[in-house]
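K.L.:
File name my_file.pdb; file contents PDB, C-alpha atoms; full text below.
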```
ATOM      1  CA  MET A   1      19.965  20.214 -20.423
ATOM      2  CA  SER A   2      19.884  18.100 -17.294
ATOM      3  CA  ALA A   3      18.715  19.359 -13.920
ATOM      4  CA  LEU A   4      22.240  19.026 -12.511
ATOM      5  CA  SER A   5      23.674  21.264 -15.268
ATOM      6  CA  ARG A   6      20.981  23.890 -14.783
ATOM      7  CA  GLY A   7      21.565  23.899 -11.036
ATOM      8  CA  LEU A   8      25.332  24.186 -11.476
ATOM      9  CA  ILE A   9      24.993  27.104 -13.908
ATOM     10  CA  SER A  10      22.578  28.947 -11.616
ATOM     11  CA  ARG A  11      24.915  28.549  -8.644
ATOM     12  CA  LEU A  12      27.966  29.721 -10.627
ATOM     13  CA  ARG A  13      25.949  32.723 -11.790
ATOM     14  CA  LEU A  14      25.019  33.445  -8.203
ATOM     15  CA  LEU A  15      28.675  33.226  -7.207
ATOM     16  CA  SER A  16      29.706  35.696  -9.901
ATOM     17  CA  THR A  17      27.046  38.266  -8.933
ATOM     18  CA  THR A  18      27.892  37.944  -5.255
ATOM     19  CA  THR A  19      31.594  38.414  -5.935
ATOM     20  CA  THR A  20      31.065  41.607  -7.963
ATOM     21  CA  THR A  21      28.685  43.260  -5.507
ATOM     22  CA  THR A  22      30.571  42.548  -2.304
ATOM     23  CA  THR A  23      32.611  45.298  -0.749
ATOM     24  CA  THR A  24      35.021  43.110   1.139
ATOM     25  CA  THR A  25      38.235  41.712  -0.218
ATOM     26  CA  THR A  26      38.421  38.537  -2.307
ATOM     27  CA  THR A  27      40.342  36.673   0.331
ATOM     28  CA  ALA A  28      37.651  37.329   2.916
ATOM     29  CA  THR A  29      34.661  36.364   0.761
ATOM     30  CA  THR A  30      36.055  33.256  -0.941
ATOM     31  CA  PRO A  31      35.704  30.826   2.027
ATOM     32  CA  ALA A  32      32.153  31.938   2.732
ATOM     33  CA  LEU A  33      31.166  31.642  -0.931
ATOM     34  CA  PHE A  34      32.604  28.175  -1.303
ATOM     35  CA  GLN A  35      30.963  27.163   1.960
ATOM     36  CA  PHE A  36      27.648  28.444   0.581
ATOM     37  CA  PHE A  37      28.135  26.670  -2.746
ATOM     38  CA  PHE A  38      29.006  23.270  -1.312
ATOM     39  CA  SER A  39      26.316  23.465   1.373
ATOM     40  CA  ARG A  40      23.698  24.125  -1.319
ATOM     41  CA  ARG A  41      25.134  21.489  -3.654
ATOM     42  CA  PHE A  42      25.543  18.571  -1.258
ATOM     43  CA  SER A  43      23.022  19.319   1.502
ATOM     44  CA  SER A  44      19.294  18.678   1.535
ATOM     45  CA  GLU A  45      18.699  21.803   3.632
ATOM     46  CA  ALA A  46      18.449  25.214   1.974
ATOM     47  CA  LEU A  47      20.549  28.083   3.337
ATOM     48  CA  LEU A  48      19.671  31.722   2.970
ATOM     49  CA  ASP A  49      23.264  32.931   2.907
ATOM     50  CA  GLY A  50      26.736  31.722   3.662
ATOM     51  CA  THR A  51      26.205  31.446   7.412
ATOM     52  CA  GLU A  52      25.498  28.289   9.391
ATOM     53  CA  ILE A  53      21.732  28.942   9.626
ATOM     54  CA  ILE A  54      19.761  25.770   8.849
ATOM     55  CA  HIS A  55      15.986  25.870   9.020
ATOM     56  CA  PRO A  56      14.236  22.909  10.672
ATOM     57  CA  HIS A  57      11.847  20.676   8.780
ATOM     58  CA  PRO A  58       8.516  22.490   8.428
ATOM     59  CA  HIS A  59       6.461  19.358   9.169
ATOM     60  CA  LEU A  60       8.054  17.297  11.923
ATOM     61  CA  ILE A  61       6.205  14.021  12.557
ATOM     62  CA  GLU A  62       6.463  12.458  15.994
ATOM     63  CA  PRO A  63       5.688   8.746  16.530
ATOM     64  CA  LYS A  64       3.041   8.994  19.218
ATOM     65  CA  PRO A  65      -0.545   7.781  19.638
ATOM     66  CA  GLY A  66      -3.322  10.151  18.687
ATOM     67  CA  VAL A  67      -7.083  10.482  18.803
ATOM     68  CA  MET A  68      -8.962   9.201  15.764
ATOM     69  CA  THR A  69     -11.894  11.231  14.475
ATOM     70  CA  PRO A  70     -14.688  10.111  12.123
ATOM     71  CA  LYS A  71     -12.926  11.920   9.266
ATOM     72  CA  SER A  72      -9.505  10.406   9.962
ATOM     73  CA  LYS A  73      -8.052   7.969   7.434
ATOM     74  CA  ARG A  74      -5.311   5.535   8.415
ATOM     75  CA  THR A  75      -2.701   3.983   6.165
ATOM     76  CA  GLY A  76      -2.973   0.489   4.749
ATOM     77  CA  LEU A  77      -0.510  -2.414   4.680
ATOM     78  CA  ILE A  78       1.031  -4.745   2.112
ATOM     79  CA  ALA A  79       0.745  -8.491   2.699
ATOM     80  CA  VAL A  80       1.639 -11.722   0.937
ATOM     81  CA  LYS A  81      -1.137 -14.231   0.282
ATOM     82  CA  CYS A  82      -0.062 -17.567   1.789
ATOM     83  CA  GLY A  83      -3.119 -19.626   0.818
ATOM     84  CA  MET A  84      -6.505 -20.778   2.072
ATOM     85  CA  SER A  85      -7.584 -23.177   4.777
ATOM     86  CA  ALA A  86     -10.422 -23.597   7.275
ATOM     87  CA  LEU A  87     -10.768 -23.196  11.027
ATOM     88  CA  TRP A  88     -13.454 -24.067  13.542
ATOM     89  CA  ASP A  89     -14.422 -21.385  16.019
ATOM     90  CA  LYS A  90     -15.320 -21.965  19.662
ATOM     91  CA  TRP A  91     -18.938 -22.767  18.717
ATOM     92  CA  GLY A  92     -17.925 -25.441  16.222
ATOM     93  CA  ALA A  93     -18.718 -23.440  13.093
ATOM     94  CA  ARG A  94     -16.412 -23.918  10.111
ATOM     95  CA  VAL A  95     -14.785 -20.665   8.989
ATOM     96  CA  PRO A  96     -13.089 -20.568   5.540
ATOM     97  CA  ILE A  97     -10.030 -18.368   5.960
ATOM     98  CA  THR A  98      -7.182 -16.885   3.925
ATOM     99  CA  VAL A  99      -3.782 -16.490   5.569
ATOM    100  CA  LEU A 100      -1.978 -13.187   4.878
ATOM    101  CA  TRP A 101       1.613 -12.441   5.892
ATOM    102  CA  VAL A 102       2.515  -8.817   6.665
ATOM    103  CA  ASP A 103       6.189  -9.026   5.691
ATOM    104  CA  ASP A 104       8.326  -6.254   7.223
ATOM    105  CA  ASN A 105       6.240  -3.198   6.357
ATOM    106  CA  ILE A 106       7.952   0.181   6.833
ATOM    107  CA  VAL A 107       7.229   3.773   5.835
ATOM    108  CA  SER A 108       9.477   4.354   2.816
ATOM    109  CA  GLN A 109       8.299   7.883   1.964
ATOM    110  CA  VAL A 110       6.180  10.598   3.571
ATOM    111  CA  LYS A 111       4.264  13.017   1.352
ATOM    112  CA  THR A 112       3.015  16.215   2.982
ATOM    113  CA  PRO A 113       0.828  19.031   1.639
ATOM    114  CA  GLU A 114       3.717  21.494   2.052
ATOM    115  CA  LYS A 115       6.033  19.605  -0.301
ATOM    116  CA  GLU A 116       4.039  17.287  -2.598
ATOM    117  CA  GLY A 117       0.630  18.875  -2.222
ATOM    118  CA  ILE A 118      -0.969  15.680  -0.876
ATOM    119  CA  SER A 119      -0.991  13.781   2.383
ATOM    120  CA  ALA A 120       0.056  10.171   1.821
ATOM    121  CA  LEU A 121       2.378   7.438   3.025
ATOM    122  CA  GLN A 122       4.396   5.112   0.816
ATOM    123  CA  ILE A 123       4.709   1.665   2.399
ATOM    124  CA  GLY A 124       7.450  -0.814   1.482
ATOM    125  CA  CYS A 125       7.206  -4.574   1.966
ATOM    126  CA  GLY A 126       9.699  -7.441   1.856
ATOM    127  CA  GLN A 127      13.386  -7.332   0.960
ATOM    128  CA  LYS A 128      15.260  -7.180  -2.320
ATOM    129  CA  LYS A 129      18.897  -6.960  -3.410
ATOM    130  CA  ALA A 130      20.232  -3.907  -5.203
ATOM    131  CA  LYS A 131      21.205  -5.954  -8.272
ATOM    132  CA  HIS A 132      17.547  -6.883  -8.765
ATOM    133  CA  LEU A 133      16.403  -3.234  -8.735
ATOM    134  CA  THR A 134      16.767  -0.520 -11.323
ATOM    135  CA  LYS A 135      19.065   2.431 -10.654
ATOM    136  CA  PRO A 136      16.158   4.884 -10.164
ATOM    137  CA  GLU A 137      14.632   2.533  -7.600
ATOM    138  CA  VAL A 138      17.920   2.188  -5.718
ATOM    139  CA  GLY A 139      18.354   5.959  -5.801
ATOM    140  CA  HIS A 140      14.862   6.436  -4.383
ATOM    141  CA  PHE A 141      15.571   4.165  -1.407
ATOM    142  CA  ARG A 142      18.968   5.755  -0.748
ATOM    143  CA  ALA A 143      17.537   9.259  -0.943
ATOM    144  CA  GLN A 144      14.931   8.334   1.658
ATOM    145  CA  GLY A 145      17.468   6.467   3.795
ATOM    146  CA  VAL A 146      15.409   3.270   4.083
ATOM    147  CA  PRO A 147      16.250  -0.375   3.280
ATOM    148  CA  LEU A 148      15.601  -1.788  -0.178
ATOM    149  CA  LYS A 149      12.066  -3.124  -0.506
ATOM    150  CA  ARG A 150      10.443  -5.566  -2.882
ATOM    151  CA  LYS A 151       7.024  -3.932  -3.177
ATOM    152  CA  LEU A 152       5.864  -0.330  -2.757
ATOM    153  CA  ARG A 153       2.369   1.067  -2.394
ATOM    154  CA  GLU A 154       1.105   4.561  -1.666
ATOM    155  CA  PHE A 155      -1.863   5.016   0.672
ATOM    156  CA  PRO A 156      -3.607   8.395   0.982
ATOM    157  CA  VAL A 157      -4.099   9.404   4.613
ATOM    158  CA  THR A 158      -5.218  12.437   6.561
ATOM    159  CA  GLU A 159      -2.628  14.755   8.063
ATOM    160  CA  ASP A 160      -3.250  13.484  11.587
ATOM    161  CA  ALA A 161      -2.426   9.918  10.435
ATOM    162  CA  LEU A 162       1.066  10.642   9.059
ATOM    163  CA  LEU A 163       3.911   8.496  10.396
ATOM    164  CA  PRO A 164       7.670   9.208  10.514
ATOM    165  CA  LEU A 165       9.951   7.927   7.788
ATOM    166  CA  GLY A 166      11.358   4.433   8.372
ATOM    167  CA  MET A 167       8.816   3.412  11.018
ATOM    168  CA  GLU A 168       7.876  -0.267  11.089
ATOM    169  CA  ILE A 169       4.195  -1.234  10.972
ATOM    170  CA  GLY A 170       3.095  -4.666  12.137
ATOM    171  CA  VAL A 171      -0.039  -6.745  11.861
ATOM    172  CA  ARG A 172      -1.448  -5.169  15.033
ATOM    173  CA  HIS A 173      -2.275  -2.155  12.909
ATOM    174  CA  PHE A 174      -5.564  -4.035  12.459
ATOM    175  CA  VAL A 175      -7.685  -5.568  15.189
ATOM    176  CA  PRO A 176      -9.626  -8.863  15.103
ATOM    177  CA  GLY A 177     -13.308  -8.392  14.387
ATOM    178  CA  GLN A 178     -12.974  -5.373  12.113
ATOM    179  CA  TYR A 179     -13.708  -5.296   8.385
ATOM    180  CA  VAL A 180     -11.091  -4.505   5.754
ATOM    181  CA  ASP A 181     -10.910  -4.071   1.982
ATOM    182  CA  VAL A 182      -8.347  -6.290   0.230
ATOM    183  CA  THR A 183      -7.009  -5.392  -3.240
ATOM    184  CA  GLY A 184      -4.966  -7.699  -5.458
ATOM    185  CA  ILE A 185      -4.347  -8.968  -8.974
ATOM    186  CA  THR A 186      -6.633 -11.856  -9.864
ATOM    187  CA  ARG A 187      -5.366 -15.150 -11.272
ATOM    188  CA  GLY A 188      -4.692 -15.039 -14.994
ATOM    189  CA  LYS A 189      -6.825 -17.536 -16.940
ATOM    190  CA  GLY A 190      -5.538 -16.767 -20.423
ATOM    191  CA  PHE A 191      -7.789 -16.592 -23.498
ATOM    192  CA  GLN A 192     -11.180 -18.088 -22.617
ATOM    193  CA  GLY A 193     -14.536 -18.560 -24.310
ATOM    194  CA  VAL A 194     -17.849 -16.972 -23.475
ATOM    195  CA  MET A 195     -19.097 -19.877 -21.345
ATOM    196  CA  LYS A 196     -16.187 -19.605 -18.915
ATOM    197  CA  ARG A 197     -15.615 -15.878 -19.185
ATOM    198  CA  HIS A 198     -19.218 -14.577 -19.199
ATOM    199  CA  HIS A 199     -21.202 -17.636 -18.036
ATOM    200  CA  PHE A 200     -23.099 -18.135 -21.306
ATOM    201  CA  ARG A 201     -25.294 -21.259 -21.481
ATOM    202  CA  GLY A 202     -23.939 -22.288 -24.892
ATOM    203  CA  ASP A 203     -25.768 -23.848 -27.807
ATOM    204  CA  ASN A 204     -27.700 -27.112 -27.890
ATOM    205  CA  ALA A 205     -25.706 -30.132 -26.818
ATOM    206  CA  SER A 206     -27.491 -32.592 -29.142
ATOM    207  CA  HIS A 207     -29.566 -32.126 -32.320
ATOM    208  CA  GLY A 208     -29.090 -29.262 -34.700
ATOM    209  CA  ALA A 209     -25.786 -27.972 -33.301
ATOM    210  CA  SER A 210     -22.868 -28.514 -35.641
ATOM    211  CA  LYS A 211     -19.610 -27.708 -33.831
ATOM    212  CA  SER A 212     -21.241 -24.773 -32.032
ATOM    213  CA  HIS A 213     -21.915 -26.254 -28.614
ATOM    214  CA  ARG A 214     -19.832 -23.637 -26.750
ATOM    215  CA  SER A 215     -20.089 -20.742 -29.203
ATOM    216  CA  GLY A 216     -21.374 -17.301 -28.324
ATOM    217  CA  GLY A 217     -23.914 -17.116 -31.098
ATOM    218  CA  SER A 218     -24.630 -14.003 -33.138
ATOM    219  CA  THR A 219     -22.621 -10.882 -32.299
ATOM    220  CA  GLY A 220     -24.595  -8.277 -34.254
ATOM    221  CA  GLN A 221     -27.388  -7.518 -36.725
ATOM    222  CA  ARG A 222     -27.620  -7.228 -40.486
ATOM    223  CA  ASP A 223     -26.945  -4.220 -42.660
ATOM    224  CA  ALA A 224     -28.881  -1.741 -40.489
ATOM    225  CA  PRO A 225     -26.139  -1.043 -37.934
ATOM    226  CA  GLY A 226     -23.491  -2.879 -39.943
ATOM    227  CA  LYS A 227     -21.240  -3.205 -36.942
ATOM    228  CA  VAL A 228     -20.748  -4.890 -33.564
ATOM    229  CA  PHE A 229     -21.620  -2.594 -30.684
ATOM    230  CA  LYS A 230     -18.975  -1.776 -28.113
ATOM    231  CA  GLY A 231     -19.113  -3.743 -24.914
ATOM    232  CA  ARG A 232     -20.316  -6.946 -26.546
ATOM    233  CA  LYS A 233     -19.436  -9.965 -24.412
ATOM    234  CA  MET A 234     -17.091 -12.088 -26.507
ATOM    235  CA  PRO A 235     -14.162 -14.450 -25.984
ATOM    236  CA  GLY A 236     -10.967 -12.818 -24.754
ATOM    237  CA  ARG A 237      -8.350 -12.645 -22.065
ATOM    238  CA  MET A 238      -9.672 -13.480 -18.620
ATOM    239  CA  GLY A 239      -8.211 -12.585 -15.242
ATOM    240  CA  GLY A 240      -4.994 -10.784 -14.415
ATOM    241  CA  LYS A 241      -6.773  -7.565 -13.383
ATOM    242  CA  GLN A 242      -6.848  -5.558 -10.200
ATOM    243  CA  ARG A 243      -9.891  -6.293  -8.103
ATOM    244  CA  THR A 244     -10.985  -5.365  -4.584
ATOM    245  CA  VAL A 245     -12.946  -7.573  -2.202
ATOM    246  CA  LYS A 246     -14.815  -5.354   0.240
ATOM    247  CA  ASN A 247     -15.890  -5.981   3.822
ATOM    248  CA  VAL A 248     -13.544  -8.872   4.592
ATOM    249  CA  TRP A 249     -13.792  -9.922   8.229
ATOM    250  CA  VAL A 250     -10.558 -10.216  10.236
ATOM    251  CA  TYR A 251     -10.885 -13.441  12.231
ATOM    252  CA  LYS A 252      -7.479 -13.668  13.932
ATOM    253  CA  ILE A 253      -4.027 -12.081  13.986
ATOM    254  CA  ASP A 254      -0.699 -13.470  15.184
ATOM    255  CA  PRO A 255       1.695 -10.654  16.224
ATOM    256  CA  ALA A 256       4.597 -13.063  16.776
ATOM    257  CA  ARG A 257       4.617 -14.138  13.105
ATOM    258  CA  ASN A 258       2.883 -11.099  11.547
ATOM    259  CA  LEU A 259       0.088 -13.309  10.202
ATOM    260  CA  MET A 260      -3.526 -12.398   9.637
ATOM    261  CA  TRP A 261      -6.488 -14.732   9.132
ATOM    262  CA  VAL A 262      -9.389 -13.230   7.174
ATOM    263  CA  LYS A 263     -12.708 -14.876   6.347
ATOM    264  CA  GLY A 264     -13.325 -15.852   2.748
ATOM    265  CA  GLN A 265     -11.256 -15.439  -0.385
ATOM    266  CA  VAL A 266      -9.105 -12.563  -1.576
ATOM    267  CA  PRO A 267      -7.876 -11.911  -5.148
ATOM    268  CA  GLY A 268      -4.553 -13.301  -6.310
ATOM    269  CA  ALA A 269      -2.573 -16.517  -6.338
ATOM    270  CA  GLU A 270      -0.401 -17.829  -3.534
ATOM    271  CA  GLY A 271       2.667 -15.652  -3.120
ATOM    272  CA  ASN A 272       1.077 -12.554  -4.656
ATOM    273  CA  PHE A 273       0.972  -9.197  -2.917
ATOM    274  CA  VAL A 274      -2.323  -7.833  -1.629
ATOM    275  CA  PHE A 275      -3.093  -4.415  -0.179
ATOM    276  CA  ILE A 276      -5.179  -4.145   2.983
ATOM    277  CA  LYS A 277      -6.911  -1.057   4.333
ATOM    278  CA  ASP A 278      -9.839  -0.223   6.599
ATOM    279  CA  ALA A 279     -13.223  -0.996   5.066
ATOM    280  CA  VAL A 280     -15.051   1.896   3.439
ATOM    281  CA  TYR A 281     -18.633   0.657   3.878
ATOM    282  CA  LYS A 282     -18.491  -1.352   7.107
ATOM    283  CA  LYS A 283     -16.402   1.150   8.998
ATOM    284  CA  PRO A 284     -14.772  -0.206  12.170
ATOM    285  CA  ASP A 285     -15.283   1.325  15.568
ATOM    286  CA  ILE A 286     -12.758   4.154  15.829
ATOM    287  CA  SER A 287     -12.456   3.610  19.586
ATOM    288  CA  LEU A 288     -10.994   0.117  18.985
ATOM    289  CA  LEU A 289      -8.463   1.003  16.265
ATOM    290  CA  PRO A 290      -4.894   2.050  17.144
ATOM    291  CA  PHE A 291      -4.283   5.494  15.704
ATOM    292  CA  PRO A 292      -2.343   6.333  13.642
ATOM    293  CA  THR A 293      -0.962   2.808  14.163
ATOM    294  CA  TYR A 294      -0.077   0.421  16.976
ATOM    295  CA  PHE A 295       2.853   1.543  19.150
ATOM    296  CA  ALA A 296       4.390  -1.332  21.103
ATOM    297  CA  ALA A 297       5.561  -0.820  24.656
ATOM    298  CA  GLU A 298       9.296  -0.712  25.333
ATOM    299  CA  ASP A 299       9.235  -3.895  27.438
ATOM    300  CA  GLU A 300       6.924  -5.818  25.057
ATOM    301  CA  ASP A 301       8.356  -9.048  23.636
ATOM    302  CA  THR A 302       6.624  -9.711  20.334
ATOM    303  CA  ALA A 303       7.836 -13.317  20.125
ATOM    304  CA  GLU A 304       5.907 -14.253  23.278
ATOM    305  CA  LEU A 305       2.574 -12.722  22.271
ATOM    306  CA  GLU A 306      -0.390 -15.052  21.817
ATOM    307  CA  PRO A 307      -2.700 -14.870  18.765
ATOM    308  CA  LEU A 308      -5.695 -12.558  19.098
ATOM    309  CA  VAL A 309      -9.109 -13.910  18.025
ATOM    310  CA  ALA A 310     -12.231 -11.902  17.257
ATOM    311  CA  ASP A 311     -14.931 -11.765  19.906
ATOM    312  CA  LEU A 312     -17.683 -14.212  18.911
ATOM    313  CA  GLY A 313     -20.049 -13.326  21.754
ATOM    314  CA  GLU A 314     -21.451 -15.444  24.546
ATOM    315  CA  VAL A 315     -24.473 -16.876  22.730
ATOM    316  CA  ASP A 316     -24.131 -20.144  20.838
ATOM    317  CA  PRO A 317     -25.543 -19.527  17.332
ATOM    318  CA  PHE A 318     -26.537 -23.200  17.030
ATOM    319  CA  MET A 319     -28.704 -22.973  20.167
ATOM    320  CA  VAL A 320     -30.562 -19.795  19.170
ATOM    321  CA  ALA A 321     -32.826 -21.651  16.724
ATOM    322  CA  ASP A 322     -33.829 -24.131  19.418
TER     323      ASP A 322
END
```
What would the structure in this file look like if it were written as structure tokens?
P.N.:
Amino acid sequence: MSALSRGLISRLRLLSTTTTTTTTTTTATTPALFQFFFSRRFSSEALLDGTEIIHPHPHLIEPKPGVMTPKSKRTGLIAVKCGMSALWDKWGARVPITVLWVDDNIVSQVKTPEKEGISALQIGCGQKKAKHLTKPEVGHFRAQGVPLKRKLREFPVTEDALLPLGMEIGVRHFVPGQYVDVTGITRGKGFQGVMKRHHFRGDNASHGASKSHRSGGSTGQRDAPGKVFKGRKMPGRMGGKQRTVKNVWVYKIDPARNLMWVKGQVPGAEGNFVFIKDAVYKKPDISLLPFPTYFAAEDEDTAELEPLVADLGEVDPFMVAD
């Protein structure tokens, strides 16, 4: 029996018991009962009786800056990997960078300990048409009252870092100079041999090797174990797995275009989604991070903002050795 049928039967049973126990006339109780039934059926708020009493939300979240503590945990963001390039900093050092695009991130669902038992934020990224989504996905977005999103990701946070539903989060959630952890799906390489997959040296390239130059060699013993032990490095499918690159340095951000430049490589191909959050090991200075996120001023024009570059200090690293 579906949940809708069970709920309908329970409400009809409640109507019948209320009608038999009431002392007033049928004409006086019918409007109140129907008002109670339809308010419980079509409203997201629970009513105690047939009156107009509606209880407020038990956990109201206000979008305002807060004070970050050492135990606080902020939400992460979803970005699109645009590719790799290189920049030269003010000292002339070449910095290999990866460009990440934070595409229209919003809070698509708020999970609180009172309702779900956990404290987390679901972040949505990008845009997608309803015809390209399944009916449960469309129903989820409509129930939350947020636009349709292409990618969703849940980030566990502390209760003091919760954000209101539908709030937009930009690239200024991070600051240049901090370290982040970037998670993504690595490039799929297909079925590969042991030399490419596990960096084996291979067999001899000249004498004595008959069509076994790139083979993995023996995989087991004789009759004593009579099997190949688990975990043996052998040919197989390579890539296409979730991996996290830790302690990635944020070199520059561009608030006008929601772009982020990070040093080094991140997992995934161009156009893939990656998930960015504050680094676990190289924790950033909590006094420099916006908490729970960056709140723009009312008169701030994002299109006119200049890119922000990490502070490289006042000492030329090339002159220190001299």
K.L.:
Give me, as a tab-separated table, each residue of region 271-295 of chain A that comes within 8 Å of region 168-180 of chain A, together with its shortest interatomic pair and the distance in Å at one decimal, counting only C-alpha atoms, with rows ordered by chain and rising residue number.
P.N.:
```
residue	atom	partner	partner_atom	distance
A:Ile276	CA	A:Val180	CA	6.5
A:Lys277	CA	A:Val180	CA	5.6
A:Asp278	CA	A:Val180	CA	4.5
A:Ala279	CA	A:Val180	CA	4.2
A:Val280	CA	A:Val180	CA	7.9
A:Lys282	CA	A:Tyr179	CA	6.3
A:Lys283	CA	A:Tyr179	CA	7.0
A:Pro284	CA	A:Gln178	CA	5.5
A:Asp285	CA	A:Gln178	CA	7.9
A:Leu288	CA	A:Val175	CA	7.6
A:Leu289	CA	A:Val175	CA	6.7
A:Pro290	CA	A:His173	CA	6.5
A:Thr293	CA	A:His173	CA	5.3
A:Tyr294	CA	A:His173	CA	5.3
```
K.L.:
Can you spit out the residues from that selection as a tab-separated table (two decimals), keeping the file's coordinate frame, using C-alpha atoms?
P.N.:
```tsv
chain	number	residue	atom	x	y	z
A	276	ILE	CA	-5.18	-4.14	2.98
A	277	LYS	CA	-6.91	-1.06	4.33
A	278	ASP	CA	-9.84	-0.22	6.60
A	279	ALA	CA	-13.22	-1.00	5.07
A	280	VAL	CA	-15.05	1.90	3.44
A	282	LYS	CA	-18.49	-1.35	7.11
A	283	LYS	CA	-16.40	1.15	9.00
A	284	PRO	CA	-14.77	-0.21	12.17
A	285	ASP	CA	-15.28	1.32	15.57
A	288	LEU	CA	-10.99	0.12	18.98
A	289	LEU	CA	-8.46	1.00	16.26
A	290	PRO	CA	-4.89	2.05	17.14
A	293	THR	CA	-0.96	2.81	14.16
A	294	TYR	CA	-0.08	0.42	16.98
```
K.L.:
Provide an axis-aligned box for all listed atoms of region 156-164 of chain A, padding each side by 6 Å; report its centre and its edge lengths in Å to one decimal, as JSON.
P.N.:
```
{"center_x": 1.2, "center_y": 11.6, "center_z": 6.3, "size_x": 24.9, "size_y": 18.4, "size_z": 22.6}
```
K.L.:
Could you pull the residues within 10 Å of Ala303 (chain A), counting only C-alpha atoms, minus those fewer than 6 positions along the same chain, as a PDB file with C-alpha atoms, keeping the file's coordinate frame?
P.N.:
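Contents of the output file around01.pdb:
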```pdb
ATOM      1  CA  ASP A 254      -0.699 -13.470  15.184  1.00  0.00           C
ATOM      2  CA  PRO A 255       1.695 -10.654  16.224  1.00  0.00           C
ATOM      3  CA  ALA A 256       4.597 -13.063  16.776  1.00  0.00           C
ATOM      4  CA  ARG A 257       4.617 -14.138  13.105  1.00  0.00           C
TER       5      ARG A 257
END
```
K.L.:
His140 (chain A): which residues within 12 Å, counting only C-alpha atoms, same-chain residues fewer than 5 positions away excluded, as a list of chain:residue names?
P.N.:
A:Ser108, A:Gln109, A:Gln122, A:Gly124, A:Ala130, A:Leu133, A:Thr134, A:Lys135, A:Gly145, A:Val146, A:Pro147, A:Leu148, A:Lys149, A:Leu152
K.L.:
Deliver the residues from the most recent selection as a file, using C-alpha atoms, as a PDB file, in the coordinates of the input.
P.N.:
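Writing done, so here's part_34.pdb:
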```pdb
ATOM      1  CA  SER A 108       9.477   4.354   2.816  1.00  0.00           C
ATOM      2  CA  GLN A 109       8.299   7.883   1.964  1.00  0.00           C
ATOM      3  CA  GLN A 122       4.396   5.112   0.816  1.00  0.00           C
ATOM      4  CA  GLY A 124       7.450  -0.814   1.482  1.00  0.00           C
ATOM      5  CA  ALA A 130      20.232  -3.907  -5.203  1.00  0.00           C
ATOM      6  CA  LEU A 133      16.403  -3.234  -8.735  1.00  0.00           C
ATOM      7  CA  THR A 134      16.767  -0.520 -11.323  1.00  0.00           C
ATOM      8  CA  LYS A 135      19.065   2.431 -10.654  1.00  0.00           C
ATOM      9  CA  GLY A 145      17.468   6.467   3.795  1.00  0.00           C
ATOM     10  CA  VAL A 146      15.409   3.270   4.083  1.00  0.00           C
ATOM     11  CA  PRO A 147      16.250  -0.375   3.280  1.00  0.00           C
ATOM     12  CA  LEU A 148      15.601  -1.788  -0.178  1.00  0.00           C
ATOM     13  CA  LYS A 149      12.066  -3.124  -0.506  1.00  0.00           C
ATOM     14  CA  LEU A 152       5.864  -0.330  -2.757  1.00  0.00           C
TER      15      LEU A 152
END
```
K.L.:
For the structure shown, which residues end up in the PyMOL selection byres ((chain A and resi 195) around 10)? Put them as an MDAnalysis selection string, please?
P.N.:
chainID A and resid 192:194 196:202 214:216 234:235
K.L.:
To verify the selection step, state as a ChimeraX atom specification which residues the PyMOL selection byres ((chain A and resi 292) around 7) yields on this input.
P.N.:
/A:65-66,74,161,290-291,293
K.L.:
Set the distance at 6 Å and use all atoms listed in the file: which residues neighbour Ile253 (chain A) once local chain neighbours fewer than 5 positions away are removed? I'd like the list as a PyMOL selection string.
P.N.:
chain A and resi 259-260+307-308
K.L.:
Atoms to include: C-alpha atoms. Write the selected residues as a CSV table (one decimal), in the frame of the given file.
P.N.:
```
chain,number,residue,atom,x,y,z
A,259,LEU,CA,0.1,-13.3,10.2
A,260,MET,CA,-3.5,-12.4,9.6
A,307,PRO,CA,-2.7,-14.9,18.8
A,308,LEU,CA,-5.7,-12.6,19.1
```
K.L.:
Calculate how many Å separate CA of Gly271 (chain A) from CA of Val250 (chain A), rounding to one decimal.
P.N.:
19.6 Å
